[in-house]
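Undergrad: Sending over upload-v9.cif (mmCIF, C-alpha atoms).
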data_work
loop_
_atom_site.group_PDB
_atom_site.id
_atom_site.type_symbol
_atom_site.label_atom_id
_atom_site.label_comp_id
_atom_site.auth_asym_id
_atom_site.auth_seq_id
_atom_site.Cartn_x
_atom_site.Cartn_y
_atom_site.Cartn_z
ATOM 1 C CA MET A 1 0.000 0.000 0.000
ATOM 2 C CA MET A 2 2.829 2.387 0.813
ATOM 3 C CA LEU A 3 4.460 1.668 -2.530
ATOM 4 C CA MET A 4 1.283 2.649 -4.428
ATOM 5 C CA GLN A 5 0.962 5.817 -2.410
ATOM 6 C CA TRP A 6 4.611 6.710 -3.115
ATOM 7 C CA PHE A 7 4.126 5.987 -6.834
ATOM 8 C CA ASN A 8 0.960 8.137 -7.018
ATOM 9 C CA GLU A 9 2.755 11.060 -5.355
ATOM 10 C CA LEU A 10 5.347 11.132 -8.149
ATOM 11 C CA VAL A 11 5.142 13.634 -10.987
ATOM 12 C CA PRO A 12 3.869 12.018 -14.252
ATOM 13 C CA ARG A 13 7.312 12.261 -15.797
ATOM 14 C CA GLU A 14 8.887 10.462 -12.802
ATOM 15 C CA ARG A 15 6.138 7.827 -12.936
ATOM 16 C CA LEU A 16 7.041 7.178 -16.554
ATOM 17 C CA LEU A 17 10.737 6.818 -15.683
ATOM 18 C CA VAL A 18 10.018 4.511 -12.711
ATOM 19 C CA GLY A 19 7.567 2.425 -14.789
ATOM 20 C CA GLY A 20 10.004 2.160 -17.710
ATOM 21 C CA GLY A 21 12.882 1.276 -15.382
ATOM 22 C CA GLY A 22 10.730 -1.368 -13.694
ATOM 23 C CA ALA A 23 9.735 -2.855 -17.059
ATOM 24 C CA LEU A 24 13.380 -2.900 -18.154
ATOM 25 C CA ALA A 25 14.423 -4.547 -14.882
ATOM 26 C CA LEU A 26 11.673 -7.144 -15.330
ATOM 27 C CA MET A 27 12.828 -7.905 -18.889
ATOM 28 C CA MET A 28 16.473 -8.218 -17.790
ATOM 29 C CA THR A 29 15.466 -10.530 -14.959
ATOM 30 C CA GLY A 30 13.433 -12.636 -17.397
ATOM 31 C CA TYR A 31 16.368 -12.845 -19.783
ATOM 32 C CA LEU A 32 18.920 -13.731 -17.121
ATOM 33 C CA ALA A 33 16.672 -16.131 -15.217
ATOM 34 C CA LEU A 34 14.937 -17.897 -18.107
ATOM 35 C CA TRP A 35 16.132 -17.232 -21.628
ATOM 36 C CA GLN A 36 19.907 -17.257 -21.164
ATOM 37 C CA PRO A 37 20.039 -20.561 -19.170
ATOM 38 C CA LEU A 38 17.692 -22.221 -21.669
ATOM 39 C CA SER A 39 19.778 -20.996 -24.570
ATOM 40 C CA THR A 40 23.005 -22.251 -22.964
ATOM 41 C CA HIS A 41 21.441 -25.625 -22.218
ATOM 42 C CA HIS A 42 20.181 -25.846 -25.813
ATOM 43 C CA GLN A 43 23.714 -25.222 -27.152
ATOM 44 C CA GLN A 44 25.137 -27.881 -24.818
ATOM 45 C CA LEU A 45 22.538 -30.382 -25.986
ATOM 46 C CA ASN A 46 23.292 -29.606 -29.636
ATOM 47 C CA SER A 47 27.008 -30.240 -29.141
ATOM 48 C CA ALA A 48 26.245 -33.454 -27.218
ATOM 49 C CA VAL A 49 24.034 -34.637 -30.072
ATOM 50 C CA ALA A 50 26.774 -33.821 -32.591
ATOM 51 C CA SER A 51 29.391 -35.776 -30.649
ATOM 52 C CA ARG A 52 27.021 -38.721 -30.185
ATOM 53 C CA GLN A 53 26.278 -38.655 -33.918
ATOM 54 C CA LYS A 54 29.995 -38.823 -34.687
ATOM 55 C CA LEU A 55 30.316 -41.766 -32.305
ATOM 56 C CA LEU A 56 27.336 -43.495 -33.926
ATOM 57 C CA ASP A 57 28.804 -42.987 -37.403
ATOM 58 C CA TRP A 58 32.132 -44.444 -36.271
ATOM 59 C CA MET A 59 30.383 -47.418 -34.643
ATOM 60 C CA GLN A 60 28.358 -48.112 -37.779
ATOM 61 C CA GLU A 61 31.507 -48.003 -39.917
ATOM 62 C CA SER A 62 33.285 -50.308 -37.480
ATOM 63 C CA ALA A 63 30.320 -52.687 -37.417
ATOM 64 C CA ALA A 64 30.318 -52.851 -41.212
ATOM 65 C CA GLU A 65 34.064 -53.509 -41.207
ATOM 66 C CA ALA A 66 33.682 -56.166 -38.496
ATOM 67 C CA LYS A 67 30.957 -57.844 -40.527
ATOM 68 C CA GLN A 68 33.275 -57.980 -43.526
ATOM 69 C CA LEU A 69 35.971 -59.512 -41.362
ATOM 70 C CA GLN A 70 33.755 -62.431 -40.274
ATOM 71 C CA PRO A 71 35.109 -65.820 -41.337
ATOM 72 C CA GLN A 72 33.744 -67.161 -44.576
ATOM 73 C CA ALA A 73 33.089 -70.907 -44.731
ATOM 74 C CA GLY A 74 35.408 -73.103 -46.730
ATOM 75 C CA GLN A 75 38.388 -70.763 -46.872
ATOM 76 C CA GLN A 76 41.574 -72.288 -45.545
ATOM 77 C CA THR A 77 45.217 -71.538 -46.004
ATOM 78 C CA ALA A 78 47.381 -73.927 -47.974
ATOM 79 C CA THR A 79 50.717 -72.805 -46.479
ATOM 80 C CA ASP A 80 52.206 -73.256 -43.035
ATOM 81 C CA PRO A 81 50.221 -71.106 -40.549
ATOM 82 C CA ARG A 82 53.390 -69.469 -39.163
ATOM 83 C CA THR A 83 54.478 -68.443 -42.648
ATOM 84 C CA ARG A 84 51.024 -67.228 -43.626
ATOM 85 C CA ILE A 85 50.649 -65.202 -40.411
ATOM 86 C CA SER A 86 54.018 -63.548 -41.029
ATOM 87 C CA GLN A 87 53.089 -62.771 -44.648
ATOM 88 C CA LEU A 88 49.749 -61.262 -43.677
ATOM 89 C CA ALA A 89 51.302 -59.226 -40.862
ATOM 90 C CA ARG A 90 53.839 -57.767 -43.312
ATOM 91 C CA SER A 91 51.093 -57.018 -45.844
ATOM 92 C CA HIS A 92 49.256 -55.051 -43.119
ATOM 93 C CA LYS A 93 52.509 -53.267 -42.203
ATOM 94 C CA LEU A 94 52.684 -54.939 -38.797
ATOM 95 C CA GLN A 95 55.891 -56.151 -37.155
ATOM 96 C CA ILE A 96 55.638 -59.398 -35.183
ATOM 97 C CA SER A 97 58.025 -59.203 -32.255
ATOM 98 C CA ARG A 98 57.647 -62.820 -31.137
ATOM 99 C CA MET A 99 55.885 -65.989 -32.271
ATOM 100 C CA GLN A 100 55.873 -69.317 -30.474
ATOM 101 C CA ASN A 101 53.928 -72.550 -30.358
ATOM 102 C CA GLY A 102 51.413 -72.901 -27.555
ATOM 103 C CA ARG A 103 49.466 -75.849 -26.233
ATOM 104 C CA ASP A 104 47.045 -77.851 -28.384
ATOM 105 C CA GLY A 105 48.534 -76.619 -31.658
ATOM 106 C CA GLU A 106 47.929 -72.970 -30.842
ATOM 107 C CA LEU A 107 50.301 -70.261 -31.942
ATOM 108 C CA GLN A 108 51.076 -67.251 -29.738
ATOM 109 C CA VAL A 109 51.914 -63.981 -31.503
ATOM 110 C CA TRP A 110 53.183 -60.768 -29.892
ATOM 111 C CA LEU A 111 53.126 -57.343 -31.510
ATOM 112 C CA ASP A 112 54.905 -54.678 -29.439
ATOM 113 C CA SER A 113 53.728 -51.685 -31.458
ATOM 114 C CA ALA A 114 50.855 -52.082 -33.900
ATOM 115 C CA GLU A 115 48.307 -49.744 -35.420
ATOM 116 C CA PHE A 116 44.972 -50.853 -33.956
ATOM 117 C CA ASN A 117 43.018 -50.696 -37.224
ATOM 118 C CA ALA A 118 45.719 -52.683 -39.052
ATOM 119 C CA LEU A 119 45.576 -55.271 -36.258
ATOM 120 C CA LEU A 120 41.818 -55.598 -36.749
ATOM 121 C CA ARG A 121 42.279 -56.036 -40.489
ATOM 122 C CA LEU A 122 44.929 -58.714 -39.860
ATOM 123 C CA ILE A 123 42.636 -60.617 -37.490
ATOM 124 C CA GLY A 124 39.846 -60.458 -40.063
ATOM 125 C CA GLN A 125 42.101 -61.692 -42.848
ATOM 126 C CA LEU A 126 43.402 -64.539 -40.687
ATOM 127 C CA SER A 127 39.839 -65.464 -39.794
ATOM 128 C CA ARG A 128 38.823 -65.554 -43.446
ATOM 129 C CA GLU A 129 41.721 -67.889 -44.112
ATOM 130 C CA GLY A 130 40.689 -70.286 -41.373
ATOM 131 C CA ILE A 131 43.089 -69.131 -38.662
ATOM 132 C CA THR A 132 40.981 -68.103 -35.698
ATOM 133 C CA GLN A 133 41.901 -66.218 -32.587
ATOM 134 C CA SER A 134 41.094 -67.867 -29.273
ATOM 135 C CA GLN A 135 42.523 -65.063 -27.133
ATOM 136 C CA LEU A 136 43.373 -61.436 -27.695
ATOM 137 C CA SER A 137 45.035 -59.086 -25.249
ATOM 138 C CA VAL A 138 45.408 -55.435 -26.282
ATOM 139 C CA GLN A 139 47.076 -52.629 -24.361
ATOM 140 C CA ALA A 140 46.990 -49.001 -25.526
ATOM 141 C CA LEU A 141 50.333 -47.256 -25.904
ATOM 142 C CA ALA A 142 51.085 -43.553 -25.500
ATOM 143 C CA GLU A 143 50.728 -42.850 -29.232
ATOM 144 C CA PRO A 144 47.045 -42.606 -30.275
ATOM 145 C CA GLY A 145 45.843 -45.574 -32.301
ATOM 146 C CA VAL A 146 48.876 -47.706 -31.452
ATOM 147 C CA VAL A 147 48.617 -50.795 -29.248
ATOM 148 C CA LYS A 148 50.629 -53.652 -27.838
ATOM 149 C CA ALA A 149 48.911 -56.968 -28.556
ATOM 150 C CA ARG A 150 49.155 -60.670 -27.807
ATOM 151 C CA LEU A 151 47.128 -63.123 -29.876
ATOM 152 C CA VAL A 152 46.582 -66.822 -29.429
ATOM 153 C CA LEU A 153 45.725 -68.298 -32.826
ATOM 154 C CA ALA A 154 44.522 -71.720 -33.899
ATOM 155 C CA GLY A 155 44.159 -73.115 -37.412
ATOM 156 C CA ARG A 156 41.076 -75.104 -38.428
#
Starting from the file, give its structure as structure tokens.

TA:
Amino acid sequence: MMLMQWFNELVPRERLLVGGGGALALMMTGYLALWQPLSTHHQQLNSAVASRQKLLDWMQESAAEAKQLQPQAGQQTATDPRTRISQLARSHKLQISRMQNGRDGELQVWLDSAEFNALLRLIGQLSREGITQSQLSVQALAEPGVVKARLVLAGR
């Protein structure tokens, strides 16, 4: 009640200034309390969607590549598995650091520094040729995309 009395005692010009200032303060409060946080949240959601879309695209490409790398029936290698593994590793620009016979005819292969995507292509190629992996141990190295790997392989 006192506020209305004070406002009514003002000169019309002062009333206009106080009313305009109040309307401006109300608009600023609305912007800062509602619009600006919503706008910021909207931008954050848009960037999250974009990054998730990139991840989805990568996953779909990887799934397609993994599907291609599935073993195809009837394909077997005619050469010694050790020789064929070495040939395929070289063709994928991978350096085998150690290879030794394991139990039950398995072959253990170590790669100290291998590009991860090339390793996946090698595993797929081996699988298509009838040499399957029974174990795979991969450790990321400091360089992005490069891993240390140990494979246990078995021929069909």

Undergrad: Which residues are near Arg150 (chain A)? Cut-off 12 Å, all atoms listed in the file, ignore same chain within fewer than 3 positions. Put them as a PyMOL selection string.

TA: chain A and resi 96-100+107-114+119+123+133-139+147+153

Undergrad: Could you tell me how far CA of Glu65 (chain A) lies from CA of Glu115 (chain A), in Å and to one decimal?

TA: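 One can read the CA of Glu65 (chain A) to CA of Glu115 (chain A) distance as 15.8 Å.
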
Undergrad: I need the residue set behind the PyMOL selection byres ((chain A and resi 121) around 10) for this file; please write it as a PDB file with C-alpha atoms, keeping the file's coordinate frame.

TA:
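Output file out08.pdb follows:
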ATOM      1  CA  GLU A  65      34.064 -53.509 -41.207  1.00  0.00           C
ATOM      2  CA  ALA A  66      33.682 -56.166 -38.496  1.00  0.00           C
ATOM      3  CA  GLN A  68      33.275 -57.980 -43.526  1.00  0.00           C
ATOM      4  CA  LEU A  69      35.971 -59.512 -41.362  1.00  0.00           C
ATOM      5  CA  LEU A  88      49.749 -61.262 -43.677  1.00  0.00           C
ATOM      6  CA  ALA A  89      51.302 -59.226 -40.862  1.00  0.00           C
ATOM      7  CA  HIS A  92      49.256 -55.051 -43.119  1.00  0.00           C
ATOM      8  CA  PHE A 116      44.972 -50.853 -33.956  1.00  0.00           C
ATOM      9  CA  ASN A 117      43.018 -50.696 -37.224  1.00  0.00           C
ATOM     10  CA  ALA A 118      45.719 -52.683 -39.052  1.00  0.00           C
ATOM     11  CA  LEU A 119      45.576 -55.271 -36.258  1.00  0.00           C
ATOM     12  CA  LEU A 120      41.818 -55.598 -36.749  1.00  0.00           C
ATOM     13  CA  LEU A 122      44.929 -58.714 -39.860  1.00  0.00           C
ATOM     14  CA  ILE A 123      42.636 -60.617 -37.490  1.00  0.00           C
ATOM     15  CA  GLY A 124      39.846 -60.458 -40.063  1.00  0.00           C
ATOM     16  CA  GLN A 125      42.101 -61.692 -42.848  1.00  0.00           C
ATOM     17  CA  LEU A 126      43.402 -64.539 -40.687  1.00  0.00           C
ATOM     18  CA  SER A 127      39.839 -65.464 -39.794  1.00  0.00           C
TER      19      SER A 127
END

Undergrad: Please, what distance in Å, to one decimal, runs between CA of Gln44 (chain A) and CA of Ala25 (chain A)?

TA: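 Distance reported for this atom pair: 27.5 Å.
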
Undergrad: For CA of Ile85 (chain A) and CA of Ile131 (chain A), quote the distance in Å rounded to one decimal.

TA: 8.7 Å

Undergrad: Adding 8 Å on each side of the box along x, y and z that holds all listed atoms of region 85-91 of chain A, could you give its centre and edge lengths in Å to one decimal, as AutoDock Vina command-line options?

TA:
--center_x 51.9 --center_y -61.1 --center_z -43.1 --size_x 20.3 --size_y 24.2 --size_z 21.4

Undergrad: May I ask which of the residues A:Ser86, A:Thr132, A:Gln36, A:Gln95 is the closest one to Ala149 (chain A), counting only C-alpha atoms?

TA: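 Closest residue, counting only C-alpha atoms: A:Gln95.
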